[in-house]
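Undergrad: Take a look at the following structure, please.
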Amino acid sequence: MSDGPLDQRYRINKALMRRAFDRAAHSYEDHAPLQKEVAQRMVQRLDLVKLNPRRVLDIGSATGRSTRMLAQRYPFAQVTALDLSLGMLRLARRATPMMDKWFMRRTTFTCADAEALPFATGSMELVFSNLTLQWCGEPERVLSEMRRVLAPGGLLMFSSFGPDTLKELRESFARADGFVHVHAFMDMHDLGDALLRVRFTNPVMDMEQFTLTYPDVDKLMRDLKALGAHNVSAGRAHGLTGKTRMQNMRAAYETWRRNGVLPASYEVVYGHAWAPEGELQKAHEGTVKIPLSSLRGRKNP
Ligand SMILES: C[S@@+](CC[C@H](N)C(=O)[O-])C[C@H]1O[C@@H](n2cnc3c(N)ncnc32)[C@H](O)[C@@H]1O
């Protein structure tokens, strides 16, 4: 696993991030129109691939919106919602229709870190992750874990934020002081390369630009806080950002105003890739798993 300068830029204070998402759990859904839209687009993309998974993993499931969409999309699958934030998971569990025993039986909730997935090698047929990878300090480690838990021929479908995300806020803060206020987001090409390094096959990457508009920058900052999208970069300034610096940042952001509103850019990166079919997978316990499909048709010696 590379731990070079590339990874350093994305370093995140995980404890801080988990606390931010715990606190934001109740406000999250009301402030997440973009996350909702992107999740829907990703589920639509699943229509384009031939897949009938029995085990599905939703990484960074937050309030479980996409978990429920996946459970509906694949009525015979066991769907696992995984998140680092217990607060988010509790809400996800509460929002899952309790009366619907069929739904409940097929959905499980796991509080764990995507960088160390608590699942057996080759145990999932679909790994889905909407706008979570950008929160993981070591995206390549997460991709490698996704790859490990996927069965041969399994699909990874994910979205993340690209470098242009919140560029106006990043630049406005940069003019106010020298600290990291908006953390770095990984480029689509780097993510594609990382997919190949961890031995995914046929990766497909693309991106879409979205612009949300705000009456003022304070409303944008409040929205980000309600989403749990705090500045949790390792290179952030410690302590409060001074009043003068905040005023300088607001003044700098005002230069972006068009037609009476302030834009906030989001670059959404989409990716999907496959776990190689028919590959020998070395399990952690030292055993070797051979996919059944690769044995079919073989004659005994
Ligand atoms: C922006 S939200 C995800 C959005 C959600 N998938 C949706 O469709 O609305 C990011 C989520 O990822 C979780 N998360 C961040 N880093 C994680 C990690 N390393 N492992 C597991 N979950 C993580 C956060 O707790 C948070 O709930």
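Ordering of the structure tokens sets the chain letters (A, B, ...); residue numbers start at 1 within each chain; ligands are numbered from 1 in the order shown.
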May I ask you to write as a VMD selection string all residues lying at most 8 Å from ligand 1, with only C-alpha atoms and all ligand atoms counted?

TA: chain A and resid 14 17 to 18 21 to 22 25 29 32 35 to 36 38 to 39 58 to 66 82 to 86 88 to 89 111 to 115 129 to 137 142 227 to 229

Undergrad: Please report, as an NGL selection string, each residue of stretch 37-279 of chain A to which DSSP assigns alpha helix (DSSP H) when run on this structure's backbone.

TA: :A and (37-46 or 65-73 or 86-95 or 101-105 or 139-149 or 167-176 or 188-197 or 217-226 or 243-254)

Undergrad: Calculated over only C-alpha atoms, which of the candidates A:Ala15, A:Met69, A:Ala273, A:Ala264 has the smallest distance to A:Arg41?

TA: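 Comparing A:Ala15, A:Met69, A:Ala273, A:Ala264 against A:Arg41, the winner is A:Met69.
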
Undergrad: What is the distance, in Å and to one decimal place, between atom CA of A:Ala71 and atom CA of A:Leu117?

TA: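 These two atoms are separated by 20.3 Å.
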
Undergrad: Near A:Met186, counting only C-alpha atoms, which residues have an atom at most 8 Å away, once you skip same-chain residues fewer than 6 positions from it, shown as a ChimeraX atom specification?

TA: /A:10,134,161-163

Undergrad: I need the residues of stretch 51-248 of chain A that end up classed as strand (DSSP E or B) by DSSP on the backbone, written out as a PyMOL selection string.

TA: chain A and resi 55-59+78-83+107-111+124-129+150-161+201-214+233

Undergrad: Go ahead and write the selection's residues with N, CA and C atoms as a short mmCIF file (atom, residue, chain, number, x, y, z; two decimals), in the first residue's frame.

TA:
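Below is the file that was written, selection-v1.cif:
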data_model
loop_
_atom_site.label_atom_id
_atom_site.label_comp_id
_atom_site.auth_asym_id
_atom_site.auth_seq_id
_atom_site.Cartn_x
_atom_site.Cartn_y
_atom_site.Cartn_z
N ARG A 55 -25.34 -11.08 -2.08
CA ARG A 55 -24.85 -10.32 -0.94
C ARG A 55 -24.33 -8.97 -1.40
N VAL A 56 -24.90 -7.92 -0.81
CA VAL A 56 -24.60 -6.55 -1.23
C VAL A 56 -24.09 -5.77 -0.01
N LEU A 57 -23.05 -4.99 -0.23
CA LEU A 57 -22.50 -4.18 0.87
C LEU A 57 -22.57 -2.70 0.49
N ASP A 58 -23.19 -1.90 1.37
CA ASP A 58 -23.28 -0.45 1.15
C ASP A 58 -22.32 0.22 2.13
N ILE A 59 -21.21 0.73 1.62
CA ILE A 59 -20.17 1.30 2.49
C ILE A 59 -20.38 2.80 2.66
N GLN A 78 -29.13 -10.25 0.44
CA GLN A 78 -28.85 -9.86 1.82
C GLN A 78 -28.03 -8.57 1.72
N VAL A 79 -28.53 -7.48 2.31
CA VAL A 79 -27.86 -6.19 2.15
C VAL A 79 -27.29 -5.73 3.49
N THR A 80 -26.01 -5.37 3.48
CA THR A 80 -25.36 -4.90 4.71
C THR A 80 -25.05 -3.41 4.59
N ALA A 81 -25.52 -2.64 5.59
CA ALA A 81 -25.18 -1.22 5.67
C ALA A 81 -23.98 -1.10 6.60
N LEU A 82 -22.94 -0.44 6.14
CA LEU A 82 -21.74 -0.29 6.97
C LEU A 82 -21.38 1.18 7.10
N ASP A 83 -21.13 1.60 8.33
CA ASP A 83 -20.71 2.99 8.54
C ASP A 83 -19.85 3.07 9.80
N THR A 107 -31.67 -7.11 5.88
CA THR A 107 -30.78 -5.96 6.05
C THR A 107 -30.03 -6.07 7.38
N THR A 108 -28.72 -5.93 7.32
CA THR A 108 -27.95 -5.93 8.56
C THR A 108 -27.13 -4.63 8.63
N PHE A 109 -26.75 -4.28 9.86
CA PHE A 109 -26.07 -2.99 10.08
C PHE A 109 -24.75 -3.25 10.80
N THR A 110 -23.69 -2.74 10.25
CA THR A 110 -22.36 -3.00 10.82
C THR A 110 -21.61 -1.70 11.03
N CYS A 111 -21.16 -1.48 12.25
CA CYS A 111 -20.37 -0.29 12.53
C CYS A 111 -18.90 -0.68 12.40
N MET A 124 -18.85 -10.88 -0.91
CA MET A 124 -19.88 -9.97 -1.45
C MET A 124 -19.90 -10.05 -2.97
N GLU A 125 -21.09 -9.82 -3.53
CA GLU A 125 -21.15 -9.79 -5.01
C GLU A 125 -21.29 -8.38 -5.55
N LEU A 126 -21.75 -7.47 -4.69
CA LEU A 126 -21.82 -6.06 -5.09
C LEU A 126 -21.38 -5.20 -3.91
N VAL A 127 -20.40 -4.33 -4.16
CA VAL A 127 -20.02 -3.32 -3.16
C VAL A 127 -20.42 -1.98 -3.75
N PHE A 128 -21.22 -1.25 -2.99
CA PHE A 128 -21.77 0.03 -3.44
C PHE A 128 -21.31 1.08 -2.42
N SER A 129 -20.90 2.24 -2.91
CA SER A 129 -20.48 3.26 -1.95
C SER A 129 -20.69 4.64 -2.55
N LEU A 150 -14.89 -8.69 -2.37
CA LEU A 150 -15.71 -9.04 -3.54
C LEU A 150 -15.39 -10.46 -4.03
N ALA A 151 -16.42 -11.19 -4.36
CA ALA A 151 -16.25 -12.50 -4.96
C ALA A 151 -15.78 -12.32 -6.41
N PRO A 152 -15.12 -13.32 -7.00
CA PRO A 152 -14.73 -13.21 -8.40
C PRO A 152 -15.94 -12.85 -9.26
N GLY A 153 -15.76 -11.87 -10.13
CA GLY A 153 -16.86 -11.43 -10.99
C GLY A 153 -17.78 -10.43 -10.30
N GLY A 154 -17.46 -10.08 -9.04
CA GLY A 154 -18.29 -9.12 -8.30
C GLY A 154 -18.04 -7.69 -8.78
N LEU A 155 -18.99 -6.81 -8.49
CA LEU A 155 -18.93 -5.44 -9.00
C LEU A 155 -18.75 -4.43 -7.87
N LEU A 156 -17.85 -3.48 -8.12
CA LEU A 156 -17.75 -2.30 -7.25
C LEU A 156 -18.35 -1.12 -7.99
N MET A 157 -19.28 -0.44 -7.35
CA MET A 157 -19.89 0.77 -7.93
C MET A 157 -19.77 1.87 -6.89
N PHE A 158 -19.07 2.95 -7.23
CA PHE A 158 -18.87 4.00 -6.22
C PHE A 158 -18.93 5.39 -6.82
N SER A 159 -19.09 6.38 -5.93
CA SER A 159 -18.94 7.77 -6.33
C SER A 159 -18.11 8.46 -5.26
N SER A 160 -17.47 9.56 -5.68
CA SER A 160 -16.63 10.30 -4.73
C SER A 160 -16.59 11.75 -5.23
N PHE A 161 -16.00 12.62 -4.44
CA PHE A 161 -15.86 14.00 -4.91
C PHE A 161 -14.50 14.20 -5.56
N THR A 201 -10.57 -5.13 -12.48
CA THR A 201 -10.47 -5.14 -13.94
C THR A 201 -11.55 -4.25 -14.55
N ASN A 202 -11.33 -3.87 -15.79
CA ASN A 202 -12.26 -3.05 -16.58
C ASN A 202 -12.82 -1.85 -15.83
N PRO A 203 -11.95 -1.04 -15.20
CA PRO A 203 -12.50 0.13 -14.48
C PRO A 203 -13.06 1.16 -15.46
N VAL A 204 -14.18 1.75 -15.10
CA VAL A 204 -14.77 2.82 -15.92
C VAL A 204 -14.98 4.01 -15.00
N MET A 205 -14.41 5.15 -15.39
CA MET A 205 -14.53 6.35 -14.55
C MET A 205 -15.17 7.45 -15.39
N ASP A 206 -16.02 8.24 -14.78
CA ASP A 206 -16.46 9.47 -15.43
C ASP A 206 -16.87 10.46 -14.35
N MET A 207 -17.19 11.67 -14.78
CA MET A 207 -17.55 12.67 -13.77
C MET A 207 -18.64 13.60 -14.27
N GLU A 208 -19.27 14.25 -13.30
CA GLU A 208 -20.36 15.19 -13.59
C GLU A 208 -20.18 16.40 -12.68
N GLN A 209 -20.46 17.58 -13.24
CA GLN A 209 -20.36 18.79 -12.41
C GLN A 209 -21.75 19.20 -11.93
N PHE A 210 -21.87 19.53 -10.68
CA PHE A 210 -23.12 20.06 -10.12
C PHE A 210 -22.80 21.41 -9.49
N THR A 211 -23.74 22.34 -9.58
CA THR A 211 -23.55 23.62 -8.87
C THR A 211 -24.76 23.88 -7.99
N LEU A 212 -24.54 23.99 -6.69
CA LEU A 212 -25.61 24.39 -5.79
C LEU A 212 -25.45 25.89 -5.56
N THR A 213 -26.56 26.57 -5.28
CA THR A 213 -26.43 28.02 -5.07
C THR A 213 -26.93 28.40 -3.68
N TYR A 214 -26.34 29.47 -3.16
CA TYR A 214 -26.61 29.90 -1.79
C TYR A 214 -26.78 31.42 -1.75
N SER A 233 -9.40 17.68 7.97
CA SER A 233 -8.09 17.39 7.38
C SER A 233 -7.02 17.46 8.46
#

Undergrad: Could you state the separation of atom CA of A:Pro276 and atom CA of A:Met146 in Å, given to one decimal place?

TA: 12.7 Å

Undergrad: Using only C-alpha atoms, find the one residue out of A:Glu138, A:Asp47, A:Glu254, A:Asp223 that sits nearest to A:Glu168.

TA: A:Glu254

Undergrad: Find, counting only C-alpha atoms, the residue in A:Arg54, A:Arg45, A:Arg105, A:Arg175 that gets nearest to A:Ala251.

TA: A:Arg175

Undergrad: Restricting the calculation to only C-alpha atoms, which member of A:Ala184, A:Leu91, A:Val149, A:Leu70 is positioned closest to A:Thr165?

TA: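 Closest candidate: A:Ala184.
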
Undergrad: Point out the residue among A:Ala176, A:Pro118, A:Ser265, A:Asp187 with the least atom-to-atom distance to A:Lys243, counting only C-alpha atoms.

TA: A:Ala176
